[in-house]
Amino acid sequence: MSDLPTLPVTFRPGSTRVVLLTAAVAIFVVITAVAMLLEQLSPGERVSFVFTALLLDAVLLLLARPKVVVDDDGVTVVNLTNKRRLEWAEILQVTLRPGDPWVFLNLSDGTSLPALGIQPGLAKQRAIADARVLRALVEARSGADPEQHRN
């Protein structure tokens, strides 16, 4: 692929992220409004409503966190609860097979790292295109054999 993007570039599930962030705002507003409008609630009960809304929002924000950041030095994979920095040479293969929930990075240490920042959920064609771009970047930067990356 000759038209590689200018680095740094960030891949994230845009549609899914918009849905999750919109839901987080809506849930917080609705639950807080209900807590304030119900006159029979004590101040402690109102606080517990708002606290529950914040907990739900925290979960939704956690689900909206995944991304893959690519720069000149390597790839940073941010998943739900962890973040891992990879050098280009550590990535042997980028795969997104039919039915996969997200991209997988096969690494030089024999493990496979899920990259939740590229997932075909709501935007399948975009995820496929992003996976191809990431694969091309890995091939260009790592100097690996491109035939090894065709899955």
# chains A, B, ... in the order shown; residues from 1 in each chain; ligands from 1
>>> select_by_dssp(residues="chain A", states="strand (DSSP E)", output="ChimeraX atom specification")
/A:9-11,67-71,74-78,83-87,91-95,103-107,112-115
>>> closest_atom_pairs(of="region 96-149 of chain A", to="region 66-85 of chain A", cutoff="9 Å", atoms="only C-alpha atoms", output="CSV")
residue,atom,partner,partner_atom,distance
A:Leu113,CA,A:Val77,CA,8.7
A:Pro114,CA,A:Asn79,CA,8.0
A:Ala115,CA,A:Val77,CA,6.0
A:Leu116,CA,A:Pro66,CA,5.5
A:Gly117,CA,A:Lys67,CA,3.7
A:Ile118,CA,A:Lys67,CA,7.2
A:Leu134,CA,A:Val70,CA,8.2
A:Leu137,CA,A:Val70,CA,8.7
A:Val138,CA,A:Gly74,CA,8.8
A:Arg141,CA,A:Asp72,CA,8.5
>>> write_last_selection(atoms="N, CA, C and O atoms", output="mmCIF file, in the first residue's frame")
data_model
loop_
_atom_site.group_PDB
_atom_site.id
_atom_site.type_symbol
_atom_site.label_atom_id
_atom_site.label_comp_id
_atom_site.auth_asym_id
_atom_site.auth_seq_id
_atom_site.Cartn_x
_atom_site.Cartn_y
_atom_site.Cartn_z
ATOM 1 N N LEU A 113 -2.173 -10.448 20.910
ATOM 2 C CA LEU A 113 -2.740 -9.343 21.681
ATOM 3 C C LEU A 113 -3.994 -8.823 20.976
ATOM 4 O O LEU A 113 -3.923 -8.405 19.824
ATOM 5 N N PRO A 114 -5.143 -8.859 21.655
ATOM 6 C CA PRO A 114 -6.332 -8.263 21.047
ATOM 7 C C PRO A 114 -6.186 -6.748 21.023
ATOM 8 O O PRO A 114 -5.702 -6.153 21.986
ATOM 9 N N ALA A 115 -6.589 -6.139 19.914
ATOM 10 C CA ALA A 115 -6.561 -4.682 19.769
ATOM 11 C C ALA A 115 -8.000 -4.222 19.588
ATOM 12 O O ALA A 115 -8.500 -4.129 18.471
ATOM 13 N N LEU A 116 -8.665 -3.948 20.693
ATOM 14 C CA LEU A 116 -10.092 -3.621 20.674
ATOM 15 C C LEU A 116 -10.393 -2.294 19.991
ATOM 16 O O LEU A 116 -11.544 -1.995 19.706
ATOM 17 N N GLY A 117 -9.380 -1.516 19.695
ATOM 18 C CA GLY A 117 -9.576 -0.250 19.012
ATOM 19 C C GLY A 117 -10.010 -0.385 17.574
ATOM 20 O O GLY A 117 -10.484 0.572 16.969
ATOM 21 N N ILE A 118 -9.855 -1.573 17.001
ATOM 22 C CA ILE A 118 -10.339 -1.840 15.647
ATOM 23 C C ILE A 118 -11.271 -3.032 15.750
ATOM 24 O O ILE A 118 -10.831 -4.161 15.902
ATOM 25 N N LEU A 134 -3.349 -0.722 9.199
ATOM 26 C CA LEU A 134 -2.428 -1.140 10.259
ATOM 27 C C LEU A 134 -1.504 -2.250 9.767
ATOM 28 O O LEU A 134 -0.301 -2.217 10.029
ATOM 29 N N LEU A 137 1.106 -0.690 7.555
ATOM 30 C CA LEU A 137 2.087 0.038 8.368
ATOM 31 C C LEU A 137 3.064 -0.923 9.039
ATOM 32 O O LEU A 137 4.271 -0.672 9.075
ATOM 33 N N VAL A 138 2.545 -2.020 9.575
ATOM 34 C CA VAL A 138 3.412 -3.025 10.209
ATOM 35 C C VAL A 138 4.387 -3.594 9.181
ATOM 36 O O VAL A 138 5.587 -3.725 9.440
ATOM 37 N N ARG A 141 7.007 -0.882 8.338
ATOM 38 C CA ARG A 141 7.884 -0.482 9.436
ATOM 39 C C ARG A 141 8.733 -1.616 10.001
ATOM 40 O O ARG A 141 9.818 -1.390 10.502
#
>>> atom_distance(atom1="CA of Thr16 (chain A)", atom2="CA of Ser112 (chain A)")
23.6 Å
>>> atom_distance(atom1="CA of Trp88 (chain A)", atom2="CA of Leu7 (chain A)")
13.4 Å
